[in-house]
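The file input_27.tsv contains TSV, C-alpha atoms:
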```
chain	number	residue	atom	x	y	z
A	1	MET	CA	-83.43	18.21	104.70
A	2	GLU	CA	-80.11	17.93	106.46
A	3	THR	CA	-80.35	14.91	108.70
A	4	LYS	CA	-78.74	14.24	112.00
A	5	ILE	CA	-76.63	11.63	110.27
A	6	ASP	CA	-74.86	14.15	108.12
A	7	ALA	CA	-73.78	16.10	111.14
A	8	GLN	CA	-72.77	13.02	113.06
A	9	CYS	CA	-70.62	11.68	110.27
A	10	GLU	CA	-67.98	14.21	111.10
A	11	ASP	CA	-64.75	13.32	112.81
A	12	GLU	CA	-66.03	13.62	116.37
A	13	PHE	CA	-68.87	11.25	115.67
A	14	LEU	CA	-66.59	8.82	113.87
A	15	TYR	CA	-64.08	8.74	116.71
A	16	GLN	CA	-66.82	7.84	119.17
A	17	TRP	CA	-68.78	5.53	116.94
A	18	VAL	CA	-65.91	3.47	115.50
A	19	SER	CA	-64.26	3.26	118.92
A	20	ALA	CA	-67.50	1.87	120.33
A	21	ALA	CA	-67.69	-0.71	117.56
A	22	GLU	CA	-64.11	-1.74	118.17
A	23	ALA	CA	-64.71	-2.03	121.92
A	24	VAL	CA	-67.58	-4.45	121.29
A	25	MET	CA	-65.43	-6.49	118.96
A	26	MET	CA	-62.59	-6.60	121.48
A	27	GLN	CA	-64.91	-7.73	124.25
A	28	SER	CA	-66.10	-10.59	122.08
A	29	LEU	CA	-62.58	-11.59	121.16
A	30	GLU	CA	-61.37	-11.49	124.73
A	31	GLU	CA	-64.29	-13.65	125.85
A	32	GLU	CA	-63.46	-16.19	123.19
A	33	ALA	CA	-59.78	-16.10	124.07
A	34	ALA	CA	-60.58	-16.56	127.76
A	35	GLN	CA	-62.92	-19.49	127.17
A	36	ALA	CA	-60.69	-21.38	124.76
A	37	PRO	CA	-57.66	-23.30	125.97
A	38	GLU	CA	-54.50	-21.31	125.51
A	39	HIS	CA	-53.11	-21.93	122.06
A	40	VAL	CA	-49.74	-23.63	122.04
A	41	PHE	CA	-47.87	-22.01	119.21
A	42	SER	CA	-45.98	-24.29	116.88
A	43	ARG	CA	-42.23	-24.64	117.02
A	44	ARG	CA	-42.07	-23.14	113.56
A	45	PHE	CA	-43.87	-20.03	114.79
A	46	GLU	CA	-41.70	-19.80	117.88
A	47	ARG	CA	-38.56	-20.03	115.78
A	48	ARG	CA	-39.72	-17.27	113.47
A	49	MET	CA	-40.75	-15.03	116.33
A	50	ASN	CA	-37.54	-15.67	118.23
A	51	ARG	CA	-35.66	-14.66	115.14
A	52	LEU	CA	-37.73	-11.51	114.83
A	53	VAL	CA	-37.25	-10.62	118.49
A	54	ARG	CA	-33.56	-11.31	118.17
A	55	MET	CA	-33.42	-8.85	115.30
A	56	GLU	CA	-34.99	-6.31	117.59
A	57	ARG	CA	-32.45	-6.98	120.27
A	58	LEU	CA	-29.68	-6.33	117.82
A	59	GLY	CA	-31.10	-2.95	116.95
A	60	VAL	CA	-33.30	-3.01	113.93
A	61	TYR	CA	-33.73	-0.31	111.40
A	62	ARG	CA	-37.28	-0.76	110.28
A	63	HIS	CA	-36.64	0.20	106.70
A	64	GLY	CA	-33.23	1.13	105.88
A	65	VAL	CA	-29.76	0.12	106.23
A	66	ALA	CA	-26.96	-1.58	104.62
A	67	ARG	CA	-26.00	-2.52	101.17
A	68	ALA	CA	-22.72	-4.24	100.53
A	69	ARG	CA	-19.82	-2.07	99.52
A	70	ALA	CA	-18.87	-4.39	96.71
A	71	ALA	CA	-20.80	-7.01	94.88
A	72	GLY	CA	-18.49	-9.65	96.25
A	73	ALA	CA	-19.49	-8.78	99.77
A	74	ALA	CA	-23.08	-9.73	99.23
A	75	VAL	CA	-24.24	-13.12	100.30
A	76	PHE	CA	-27.76	-14.25	99.54
A	77	VAL	CA	-29.30	-16.80	101.79
A	78	ALA	CA	-32.43	-18.71	100.98
A	79	ALA	CA	-35.45	-18.48	103.22
A	80	GLY	CA	-35.34	-20.68	106.24
A	81	VAL	CA	-31.58	-20.76	106.57
A	82	MET	CA	-30.26	-19.42	109.81
A	83	LEU	CA	-28.36	-16.32	108.90
A	84	ALA	CA	-25.84	-16.38	111.66
A	85	ALA	CA	-24.61	-19.78	110.65
A	86	VAL	CA	-23.09	-18.53	107.43
A	87	LEU	CA	-21.11	-15.65	108.86
A	88	SER	CA	-17.63	-16.49	109.96
A	89	VAL	CA	-15.90	-14.32	112.52
A	90	GLU	CA	-12.90	-14.00	110.25
A	91	ALA	CA	-15.00	-12.72	107.38
A	92	SER	CA	-16.64	-10.07	109.53
A	93	ARG	CA	-13.29	-8.68	110.48
A	94	VAL	CA	-12.06	-8.39	106.95
A	95	LYS	CA	-15.02	-6.89	105.19
A	96	LEU	CA	-16.49	-3.53	105.97
A	97	VAL	CA	-20.08	-4.67	106.06
A	98	GLU	CA	-21.29	-8.16	105.51
A	99	TRP	CA	-24.95	-8.41	104.80
A	100	PHE	CA	-27.30	-11.24	104.29
A	101	ARG	CA	-30.66	-11.28	102.70
A	102	GLU	CA	-33.51	-13.59	103.53
A	103	VAL	CA	-36.46	-13.34	101.22
A	104	THR	CA	-39.85	-14.58	102.31
A	105	GLU	CA	-43.26	-14.17	100.73
A	106	LYS	CA	-43.93	-10.99	102.64
A	107	TYR	CA	-40.68	-9.25	103.32
A	108	THR	CA	-36.95	-9.17	102.93
A	109	MET	CA	-34.86	-9.35	106.04
A	110	LEU	CA	-31.35	-7.94	105.87
A	111	ARG	CA	-28.85	-8.70	108.54
A	112	PHE	CA	-25.44	-7.15	108.61
A	113	GLU	CA	-22.26	-7.39	110.59
A	114	PRO	CA	-19.97	-4.37	110.73
A	115	THR	CA	-16.30	-4.27	111.60
A	116	GLU	CA	-15.23	-2.36	114.67
A	117	GLN	CA	-13.75	0.62	112.89
A	118	ASN	CA	-16.99	1.83	111.42
A	119	THR	CA	-18.95	1.75	114.66
A	120	ASP	CA	-16.66	4.05	116.60
A	121	GLY	CA	-16.65	7.81	116.80
A	122	ALA	CA	-19.24	10.54	116.69
A	123	LEU	CA	-21.79	10.70	113.94
A	124	GLU	CA	-21.24	13.51	111.48
A	125	ALA	CA	-24.56	14.67	110.04
A	126	LYS	CA	-24.86	14.70	106.25
A	127	LEU	CA	-27.91	16.40	104.82
A	128	PRO	CA	-29.08	16.30	101.21
A	129	ALA	CA	-28.51	19.50	99.26
A	130	TYR	CA	-31.50	18.64	97.09
A	131	VAL	CA	-35.01	18.36	98.46
A	132	PRO	CA	-38.08	17.91	96.21
A	133	ALA	CA	-40.08	21.05	95.55
A	134	GLY	CA	-42.52	21.90	98.31
A	135	TYR	CA	-40.79	19.83	100.98
A	136	ARG	CA	-39.00	21.33	103.96
A	137	LEU	CA	-37.16	19.89	106.94
A	138	ASP	CA	-39.83	19.63	109.60
A	139	GLU	CA	-38.58	17.30	112.30
A	140	LEU	CA	-35.36	15.76	113.55
A	141	ILE	CA	-35.14	12.78	115.87
A	142	THR	CA	-31.77	11.75	117.22
A	143	SER	CA	-30.57	8.65	118.97
A	144	ASP	CA	-27.19	7.32	119.94
A	145	ILE	CA	-26.86	5.47	116.66
A	146	GLY	CA	-28.28	7.87	114.15
A	147	TYR	CA	-30.47	10.71	112.96
A	148	ARG	CA	-33.90	10.69	111.41
A	149	TYR	CA	-34.97	13.71	109.40
A	150	PHE	CA	-38.55	14.25	108.31
A	151	TYR	CA	-39.26	16.44	105.31
A	152	ARG	CA	-42.91	17.39	104.84
A	153	ASN	CA	-44.89	19.44	102.39
A	154	ASP	CA	-48.08	21.43	102.86
A	155	ASP	CA	-50.19	18.43	101.86
A	156	GLY	CA	-48.85	16.41	104.76
A	157	MET	CA	-46.77	14.16	102.54
A	158	GLU	CA	-43.56	13.01	104.17
A	159	ILE	CA	-40.08	11.94	103.19
A	160	MET	CA	-37.92	10.35	105.85
A	161	TYR	CA	-34.16	10.44	105.63
A	162	ARG	CA	-32.12	8.41	108.00
A	163	GLN	CA	-28.39	8.36	108.60
A	164	GLY	CA	-26.89	6.00	111.10
A	165	LYS	CA	-23.81	4.27	112.27
A	166	ILE	CA	-23.19	0.86	110.86
A	167	THR	CA	-24.07	-1.15	113.91
A	168	ALA	CA	-24.77	-4.83	114.19
A	169	GLY	CA	-28.38	-5.50	113.45
A	170	GLY	CA	-30.76	-5.89	110.64
A	171	MET	CA	-33.76	-4.50	108.90
A	172	LEU	CA	-37.02	-5.61	107.45
A	173	LEU	CA	-38.25	-4.40	104.11
A	174	ASP	CA	-41.79	-4.99	102.95
A	175	THR	CA	-41.01	-6.39	99.52
A	176	GLU	CA	-44.18	-8.35	98.88
A	177	ASP	CA	-45.21	-7.61	95.29
A	178	ALA	CA	-42.66	-4.81	95.27
A	179	LYS	CA	-40.29	-3.79	92.50
A	180	THR	CA	-36.72	-4.04	93.71
A	181	THR	CA	-33.92	-2.44	91.69
A	182	ALA	CA	-30.18	-2.28	92.18
A	183	VAL	CA	-28.94	1.28	91.63
A	184	ARG	CA	-25.81	3.25	92.39
A	185	ILE	CA	-25.38	6.27	94.60
A	186	GLY	CA	-22.00	7.59	93.54
A	187	GLU	CA	-19.63	4.69	93.91
A	188	TRP	CA	-21.90	2.81	96.25
A	189	GLU	CA	-24.48	0.18	95.49
A	190	ALA	CA	-28.00	0.82	96.70
A	191	MET	CA	-31.32	-0.98	96.77
A	192	LEU	CA	-34.45	0.74	95.53
A	193	VAL	CA	-37.79	-0.76	96.55
A	194	GLU	CA	-41.04	0.54	95.05
A	195	LYS	CA	-44.46	-0.61	96.15
A	196	ASN	CA	-47.82	1.07	95.63
A	197	GLY	CA	-46.16	4.43	95.17
A	198	TYR	CA	-44.11	4.08	98.35
A	199	VAL	CA	-40.39	4.20	97.60
A	200	GLN	CA	-37.49	3.11	99.79
A	201	LEU	CA	-33.80	3.55	99.06
A	202	VAL	CA	-31.10	1.97	101.22
A	203	TRP	CA	-27.33	2.02	100.94
A	204	ASN	CA	-24.16	2.53	102.88
A	205	ASP	CA	-20.76	4.08	102.35
A	206	ASP	CA	-17.61	3.45	104.29
A	207	ARG	CA	-18.89	5.25	107.37
A	208	TYR	CA	-22.64	5.28	107.56
A	209	MET	CA	-25.85	3.65	106.50
A	210	TYR	CA	-28.51	5.69	104.77
A	211	PHE	CA	-32.19	5.29	104.17
A	212	LEU	CA	-34.71	7.42	102.30
A	213	SER	CA	-38.43	6.70	101.99
A	214	GLY	CA	-41.62	8.40	100.99
A	215	ASN	CA	-44.56	8.53	98.65
A	216	VAL	CA	-42.60	10.33	95.97
A	217	ASP	CA	-41.16	9.48	92.61
A	218	ALA	CA	-38.10	7.25	92.83
A	219	SER	CA	-36.11	9.78	90.80
A	220	GLU	CA	-36.64	12.37	93.55
A	221	LEU	CA	-35.21	10.09	96.23
A	222	LEU	CA	-32.26	9.28	93.99
A	223	LYS	CA	-31.61	13.00	93.51
A	224	MET	CA	-31.70	13.52	97.26
A	225	ALA	CA	-29.31	10.62	97.78
A	226	GLU	CA	-26.89	11.85	95.17
A	227	SER	CA	-26.88	15.33	96.69
A	228	LEU	CA	-25.55	14.18	100.05
B	1	MET	CA	-38.66	2.30	115.19
B	2	VAL	CA	-36.88	0.03	117.63
B	3	ASP	CA	-33.77	1.87	118.58
B	4	THR	CA	-33.44	1.81	122.34
B	5	PRO	CA	-33.22	-1.09	124.79
B	6	GLU	CA	-36.53	0.03	126.29
B	7	GLU	CA	-38.21	-0.13	122.88
B	8	LYS	CA	-36.83	-3.61	122.39
B	9	ARG	CA	-38.18	-4.69	125.76
B	10	LYS	CA	-41.49	-3.11	124.89
B	11	PHE	CA	-41.66	-5.14	121.70
B	12	GLU	CA	-41.10	-8.32	123.67
B	13	ARG	CA	-43.69	-7.37	126.30
B	14	LEU	CA	-46.27	-6.74	123.62
B	15	TYR	CA	-45.47	-10.06	122.00
B	16	THR	CA	-45.82	-11.96	125.24
B	17	ALA	CA	-48.96	-10.17	126.41
B	18	HIS	CA	-51.07	-10.09	123.27
B	19	ARG	CA	-50.19	-12.90	120.94
B	20	GLN	CA	-53.03	-15.11	122.18
B	21	VAL	CA	-55.82	-12.63	121.45
B	22	MET	CA	-54.16	-11.75	118.16
B	23	TYR	CA	-54.15	-15.42	117.28
B	24	VAL	CA	-57.85	-15.74	118.13
B	25	ALA	CA	-58.66	-12.75	115.92
B	26	ALA	CA	-56.66	-14.17	113.02
B	27	ARG	CA	-58.11	-17.66	113.43
B	28	ARG	CA	-61.64	-16.28	113.24
B	29	ILE	CA	-60.85	-15.04	109.77
B	30	LEU	CA	-58.65	-17.82	108.46
B	31	ARG	CA	-60.18	-20.87	110.20
B	32	ASP	CA	-56.75	-22.42	110.22
B	33	GLU	CA	-54.28	-22.59	113.08
B	34	TYR	CA	-51.22	-22.66	110.87
B	35	LEU	CA	-52.30	-19.65	108.81
B	36	ALA	CA	-53.41	-17.79	111.93
B	37	GLU	CA	-49.90	-18.14	113.32
B	38	ASP	CA	-48.54	-16.74	110.07
B	39	ALA	CA	-50.84	-13.77	110.47
B	40	VAL	CA	-49.66	-13.14	114.03
B	41	HIS	CA	-46.07	-13.23	112.86
B	42	GLN	CA	-46.82	-10.81	110.05
B	43	ALA	CA	-48.61	-8.53	112.49
B	44	PHE	CA	-45.48	-8.26	114.61
B	45	VAL	CA	-43.40	-7.55	111.53
B	46	ARG	CA	-45.78	-4.64	110.83
B	47	LEU	CA	-45.58	-3.54	114.46
B	48	ILE	CA	-41.86	-2.86	114.11
B	49	GLY	CA	-42.58	0.26	112.13
B	50	GLN	CA	-45.47	1.34	114.34
B	51	LEU	CA	-44.16	0.74	117.82
B	52	ASP	CA	-44.86	4.30	118.86
B	53	LYS	CA	-48.56	3.67	118.28
B	54	ALA	CA	-48.60	0.96	120.92
B	55	ASP	CA	-49.00	3.02	124.08
B	56	GLU	CA	-48.65	0.71	127.04
B	57	ALA	CA	-50.21	3.34	129.27
B	58	GLN	CA	-53.45	2.58	127.42
B	59	PRO	CA	-53.55	-1.22	127.54
B	60	ALA	CA	-57.02	-1.66	126.05
B	61	ARG	CA	-56.22	0.55	123.09
B	62	THR	CA	-52.86	-1.12	122.62
B	63	LYS	CA	-54.45	-4.54	122.59
B	64	ALA	CA	-57.01	-3.36	120.05
B	65	PHE	CA	-54.23	-1.93	117.90
B	66	LEU	CA	-52.37	-5.24	117.87
B	67	VAL	CA	-55.58	-7.07	117.06
B	68	VAL	CA	-56.25	-4.85	114.08
B	69	LEU	CA	-52.70	-5.50	112.88
B	70	ALA	CA	-53.38	-9.23	113.14
B	71	GLN	CA	-56.67	-8.85	111.29
B	72	CYS	CA	-55.00	-6.86	108.52
B	73	ALA	CA	-52.39	-9.59	108.14
B	74	ALA	CA	-55.03	-12.32	108.26
B	75	LEU	CA	-57.11	-10.60	105.62
B	76	ASP	CA	-54.08	-10.35	103.36
B	77	ILE	CA	-53.57	-14.09	103.69
B	78	TYR	CA	-57.28	-14.76	103.22
B	79	ARG	CA	-57.35	-12.61	100.12
B	80	LYS	CA	-54.39	-14.39	98.60
B	81	ARG	CA	-55.88	-17.78	99.20
B	82	LYS	CA	-59.37	-16.92	98.07
B	83	LYS	CA	-58.63	-14.97	94.96
B	84	GLU	CA	-56.62	-16.35	92.12
B	85	ARG	CA	-56.11	-12.86	90.89
B	86	HIS	CA	-55.48	-9.80	92.99
B	87	VAL	CA	-58.54	-7.85	93.99
B	88	PRO	CA	-57.99	-4.59	95.87
B	89	LEU	CA	-59.27	-4.94	99.38
B	90	GLU	CA	-61.46	-1.87	99.14
B	91	GLN	CA	-63.42	-3.56	96.39
B	92	TRP	CA	-64.57	-6.32	98.62
B	93	GLU	CA	-68.25	-6.15	99.20
B	94	GLU	CA	-68.94	-9.48	100.81
B	95	PRO	CA	-68.62	-9.94	104.57
B	96	VAL	CA	-65.32	-11.48	105.56
B	97	PRO	CA	-65.54	-14.62	107.68
B	98	GLY	CA	-64.64	-13.98	111.27
B	99	CYS	CA	-65.54	-10.32	111.18
B	100	GLY	CA	-69.25	-10.90	111.60
B	101	GLU	CA	-69.61	-13.10	114.62
B	102	MET	CA	-69.94	-10.51	117.32
B	103	SER	CA	-72.97	-9.19	119.08
B	104	ALA	CA	-73.94	-5.60	118.60
B	105	GLY	CA	-73.19	-2.86	121.05
B	106	ASP	CA	-75.93	-0.91	122.77
B	107	ASP	CA	-75.79	1.68	120.04
B	108	GLY	CA	-75.97	-0.91	117.31
B	109	SER	CA	-72.69	0.28	115.89
B	110	LEU	CA	-71.01	-2.99	115.08
B	111	PRO	CA	-73.47	-4.51	112.60
B	112	VAL	CA	-73.27	-1.39	110.46
B	113	LEU	CA	-69.48	-1.39	110.55
B	114	GLU	CA	-69.57	-4.99	109.38
B	115	LYS	CA	-71.54	-3.97	106.33
B	116	LEU	CA	-68.76	-1.74	105.09
B	117	PRO	CA	-66.27	-3.07	102.55
B	118	THR	CA	-63.60	-4.80	104.57
B	119	GLY	CA	-60.78	-2.56	103.42
B	120	CYS	CA	-62.75	0.55	104.30
B	121	ALA	CA	-63.70	-0.78	107.74
B	122	LEU	CA	-60.07	-1.50	108.57
B	123	VAL	CA	-59.02	1.98	107.56
B	124	LEU	CA	-61.81	3.54	109.63
B	125	ARG	CA	-60.83	1.50	112.67
B	126	LEU	CA	-57.18	2.48	112.31
B	127	ARG	CA	-58.09	6.10	111.74
B	128	TYR	CA	-60.86	6.65	114.26
B	129	ALA	CA	-60.45	3.98	116.91
B	130	GLN	CA	-56.65	3.97	116.91
B	131	GLY	CA	-55.95	7.56	115.91
B	132	CYS	CA	-53.50	6.60	113.17
B	133	SER	CA	-52.37	9.14	110.62
B	134	TYR	CA	-52.91	8.28	106.97
B	135	ALA	CA	-49.18	7.77	106.64
B	136	GLN	CA	-49.31	5.18	109.41
B	137	ILE	CA	-52.34	3.49	107.90
B	138	ALA	CA	-50.59	3.36	104.56
B	139	ALA	CA	-47.54	1.75	106.13
B	140	ILE	CA	-49.63	-0.81	108.02
B	141	LEU	CA	-51.69	-1.83	105.03
B	142	GLY	CA	-48.89	-1.56	102.48
B	143	ILE	CA	-50.75	0.99	100.39
B	144	SER	CA	-50.17	4.61	99.47
B	145	GLU	CA	-51.41	7.49	101.61
B	146	GLU	CA	-53.68	8.48	98.79
B	147	SER	CA	-55.26	5.02	98.75
B	148	ALA	CA	-55.73	5.16	102.51
B	149	ARG	CA	-57.52	8.50	102.22
B	150	LYS	CA	-59.70	7.19	99.43
B	151	ARG	CA	-60.67	4.13	101.43
B	152	ALA	CA	-61.56	6.28	104.41
B	153	SER	CA	-63.60	8.61	102.26
B	154	ARG	CA	-65.37	5.69	100.63
B	155	GLY	CA	-66.02	4.11	104.02
B	156	ILE	CA	-67.45	7.30	105.47
B	157	GLY	CA	-69.68	7.67	102.45
B	158	ARG	CA	-70.98	4.13	102.81
B	159	LEU	CA	-71.34	4.60	106.54
B	160	ARG	CA	-73.42	7.68	105.99
B	161	GLU	CA	-75.72	5.75	103.66
B	162	LEU	CA	-76.03	2.83	106.04
B	163	LEU	CA	-76.69	4.98	109.06
B	164	LYS	CA	-79.47	6.79	107.29
B	165	GLY	CA	-81.31	3.49	107.36
B	166	GLU	CA	-80.79	3.00	111.08
B	167	LYS	CA	-83.73	4.30	113.03
B	168	GLN	CA	-81.77	5.35	116.08
B	169	TYR	CA	-79.57	7.56	113.94
B	170	GLY	CA	-81.94	8.58	111.23
B	171	ASP	CA	-84.68	10.05	113.33
B	172	GLU	CA	-84.53	13.69	114.11
B	173	ASN	CA	-85.98	13.00	117.53
```

Write the structure described by the file as C-alpha cells, please.
Amino acid sequence: METKIDAQCEDEFLYQWVSAAEAVMMQSLEEEAAQAPEHVFSRRFERRMNRLVRMERLGVYRHGVARARAAGAAVFVAAGVMLAAVLSVEASRVKLVEWFREVTEKYTMLRFEPTEQNTDGALEAKLPAYVPAGYRLDELITSDIGYRYFYRNDDGMEIMYRQGKITAGGMLLDTEDAKTTAVRIGEWEAMLVEKNGYVQLVWNDDRYMYFLSGNVDASELLKMAESL
Amino acid sequence: MVDTPEEKRKFERLYTAHRQVMYVAARRILRDEYLAEDAVHQAFVRLIGQLDKADEAQPARTKAFLVVLAQCAALDIYRKRKKERHVPLEQWEEPVPGCGEMSAGDDGSLPVLEKLPTGCALVLRLRYAQGCSYAQIAAILGISEESARKRASRGIGRLRELLKGEKQYGDEN
C-alpha cells in the first residue's frame, strides 16, 4: 500500500523537513557559540583571511583569469610567501601581465598585475564560433570589467564563458587533487584544470582575460577557446 | 562572483558576522582549534563562488548557508586525516563526530537526518534547506553535477526507508 511517507518524500516535503532539521541544528550551534567564550583566531588565520579579503578588494575572478603571455613572464611563488613582495613596480610597467601563483593544499591562487594600457578602453565582446552540440547561449551578465556568458543545454548542464579586462586582482582555482595541464590557445599559453569532470580553462591575450568552465570534455572547451 | 564594491563589502560583512559560529560548527567535527580555523578559511574560499547564495535579507538562512560551507570544509579535512586512502564521502555510513550532538526537533527530523550518509545529508541540506541548484552543490563540494544528483537521490532513498520506521510519519493516521 502506498504510504504517507512516499507522498511526503517529494520536494515539498523535503524542503520543509530538511529546513526544520537544519533550523534545529543551527539553534544548537548558536547556543553553543553564545555560551562559549569568543574564539580568538590565530594570527596565522587572520593573515590568511586578510589576504583572501584583500584579493576580494582587488576584484577577484572566482575561476578564471590570467596566464602569462610568455613563459618568461611567469613567476612561481611558494606557499606562504607574500605575493606582493616579489613584484617590482618597474617590472609591472614593462610586462603586459605579471602573474604569480601560490599553491596550497586546497587551491591555487593567481595574482596578476596589468600595465595601464590594457585596462583602458571599452570592452569588445568576443564570442566563440563553436559551441558544443546541444548548448545554446542562455544568459549574459555584464559588469564594468567584463562579460559572463552562460551556455546551457536541455539537461540543465552549463558552460560559463567569461571575457574581461585585465584588471589588477587575482583568482582562486580549486586545484586540490586536480589535473592541471599547460596548453596553448593560438599563440597564447593557457591553463587547463580538470577535477571530477569539471573543467576550467584560463588564459589571456594582449587585451583580455578569458575563462571557460563546465562539466564537459576538455576538448570541447578547447574547441570553444580556439574558435574565438 | 565578487565583481562590485558592494559585493566585496558583503564578503567582508559575512566574514565578520559569521566566522564565530562557523568556527564552532567546524570544531564540533574536527575537535581541534587549528584545523577548525583551516575549515573556516576554506569555507570562505568556497563562498567566493557562491556569494549570490548568501542573501543578507534572510540572515538566518545566510548564517545556515555559511555553516554548511564550514561543515563541508571540515568534513573534507576530517576525511583526509581519518582515511589513509580516499573514500568518497557518499560512501560514509558511520556518523561523523560533531554532527550528532544536537537535540531533536519537535517533528523528530534531526535524528533521522543524522542517520543518512554524511555526503548525502550535506547535499540534501544544500538542496532543500538552502535551495542550491545541483551546479552550485557541485561547485561547493568539488564534485560533478552528476555526483551531486546521485547523492541526493541516494539520500532521498535512504530517507524514505528511515522515515518508514518513524511512527509519526509511517502511520496513516

Residues near Gly186 of chain A, anyone? I mean within 12 Å using only C-alpha atoms, not counting same-chain ones fewer than 6 positions away, as a PyMOL selection string.
chain A and resi 69+203-205+222-228

Report, in Å to a single decimal, how far apart atom CA of Leu30 of chain B and atom CA of Ala17 of chain B are.
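Result for atom CA of Ala17 of chain B versus atom CA of Leu30 of chain B: 21.8 Å, one decimal.
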
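The space between atom CA of Tyr149 of chain A and atom CA of Glu220 of chain A spans 16.0 Å.
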
One number please: atom CA of Tyr198 of chain A to atom CA of Leu14 of chain A, in Å, one decimal.
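Taking atom CA of Tyr198 of chain A and atom CA of Leu14 of chain A, their separation equals 27.7 Å.
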
Residue contacts of segment 142-153 of chain B (6 Å, all atoms listed in the file) excluding same-chain residues fewer than 6 positions away, as a PyMOL selection string
(chain A and resi 196-197) or (chain B and resi 120+123-124+134-135)

Residue contacts of Asp11 of chain A (10 Å, only C-alpha atoms) excluding same-chain residues fewer than 5 positions away, as a list in words
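Contacts, with the query itself left out: Gln16 and Trp17 of chain A; Arg127, Tyr128 and Ile156 of chain B.
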
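Using all atoms listed in the file for every distance, the candidate list B:Lys164, B:Arg154, B:Leu141, B:Leu66 yields B:Lys164 as the residue closest to chain A.
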
Please list as a PDB file with C-alpha atoms, in the coordinates of the input every residue within 12 Å of Asp154 of chain A, counting all atoms listed in the file and excluding residues in the same chain fewer than 4 positions away.
```
ATOM      1  CA  ALA A 133     -40.080  21.050  95.550  1.00  0.00           C
ATOM      2  CA  GLY A 134     -42.520  21.900  98.310  1.00  0.00           C
ATOM      3  CA  TYR A 135     -40.790  19.830 100.980  1.00  0.00           C
ATOM      4  CA  ARG A 136     -39.000  21.330 103.960  1.00  0.00           C
ATOM      5  CA  LEU A 137     -37.160  19.890 106.940  1.00  0.00           C
ATOM      6  CA  ASP A 138     -39.830  19.630 109.600  1.00  0.00           C
ATOM      7  CA  GLU A 158     -43.560  13.010 104.170  1.00  0.00           C
TER       8      GLU A 158
END
```

Mind checking which residues fall within 10 Å of Val67 of chain B, counting all atoms listed in the file, ignoring those fewer than 3 positions away in the same chain, and posting them as a PyMOL selection string?
(chain A and resi 26+29) or (chain B and resi 18-26+40+43+61-64+70-73)

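Of the residues under consideration (A:Val216, A:Val131, A:Met209, A:Ala125), A:Val216 shows the shortest atom-to-atom contact distance to chain B when counting all atoms listed in the file.
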
Determine the nearest neighbour of chain B from the options A:Arg184, A:Lys179, A:Arg207, A:Lys195, counting only C-alpha atoms.
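Of the candidates, the smallest distance to chain B is held by A:Lys195.
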
Output segment 28-68 of chain B from the block with C-alpha atoms, as a PDB file, in the first residue's frame?
```
ATOM      1  CA  ARG B  28      32.494  20.136  16.617  1.00  0.00           C
ATOM      2  CA  ILE B  29      33.611  17.946  13.754  1.00  0.00           C
ATOM      3  CA  LEU B  30      37.369  18.307  13.959  1.00  0.00           C
ATOM      4  CA  ARG B  31      37.887  18.667  17.739  1.00  0.00           C
ATOM      5  CA  ASP B  32      40.871  20.835  17.001  1.00  0.00           C
ATOM      6  CA  GLU B  33      41.080  24.615  17.058  1.00  0.00           C
ATOM      7  CA  TYR B  34      43.825  24.823  14.467  1.00  0.00           C
ATOM      8  CA  LEU B  35      42.034  22.568  11.986  1.00  0.00           C
ATOM      9  CA  ALA B  36      38.721  24.301  12.653  1.00  0.00           C
ATOM     10  CA  GLU B  37      40.298  27.595  11.627  1.00  0.00           C
ATOM     11  CA  ASP B  38      41.517  25.937   8.446  1.00  0.00           C
ATOM     12  CA  ALA B  39      37.972  24.820   7.745  1.00  0.00           C
ATOM     13  CA  VAL B  40      36.603  28.325   8.249  1.00  0.00           C
ATOM     14  CA  HIS B  41      39.182  29.688   5.850  1.00  0.00           C
ATOM     15  CA  GLN B  42      38.323  27.049   3.273  1.00  0.00           C
ATOM     16  CA  ALA B  43      34.644  27.830   3.704  1.00  0.00           C
ATOM     17  CA  PHE B  44      35.250  31.450   2.769  1.00  0.00           C
ATOM     18  CA  VAL B  45      37.281  30.374  -0.244  1.00  0.00           C
ATOM     19  CA  ARG B  46      34.232  28.349  -1.339  1.00  0.00           C
ATOM     20  CA  LEU B  47      31.951  31.302  -0.607  1.00  0.00           C
ATOM     21  CA  ILE B  48      33.691  33.384  -3.262  1.00  0.00           C
ATOM     22  CA  GLY B  49      31.986  31.413  -5.985  1.00  0.00           C
ATOM     23  CA  GLN B  50      28.636  31.309  -4.205  1.00  0.00           C
ATOM     24  CA  LEU B  51      28.241  34.835  -2.928  1.00  0.00           C
ATOM     25  CA  ASP B  52      24.885  35.228  -4.626  1.00  0.00           C
ATOM     26  CA  LYS B  53      23.531  32.432  -2.437  1.00  0.00           C
ATOM     27  CA  ALA B  54      24.229  34.436   0.698  1.00  0.00           C
ATOM     28  CA  ASP B  55      21.154  36.652   0.858  1.00  0.00           C
ATOM     29  CA  GLU B  56      21.652  39.153   3.637  1.00  0.00           C
ATOM     30  CA  ALA B  57      17.938  39.917   3.597  1.00  0.00           C
ATOM     31  CA  GLN B  58      17.500  36.428   5.070  1.00  0.00           C
ATOM     32  CA  PRO B  59      20.057  36.434   7.885  1.00  0.00           C
ATOM     33  CA  ALA B  60      19.098  33.084   9.409  1.00  0.00           C
ATOM     34  CA  ARG B  61      19.313  31.309   6.086  1.00  0.00           C
ATOM     35  CA  THR B  62      22.565  33.057   5.243  1.00  0.00           C
ATOM     36  CA  LYS B  63      24.089  32.005   8.529  1.00  0.00           C
ATOM     37  CA  ALA B  64      22.969  28.425   7.938  1.00  0.00           C
ATOM     38  CA  PHE B  65      24.478  28.519   4.459  1.00  0.00           C
ATOM     39  CA  LEU B  66      27.843  29.656   5.792  1.00  0.00           C
ATOM     40  CA  VAL B  67      27.703  26.989   8.478  1.00  0.00           C
ATOM     41  CA  VAL B  68      27.103  24.263   5.926  1.00  0.00           C
TER      42      VAL B  68
END
```
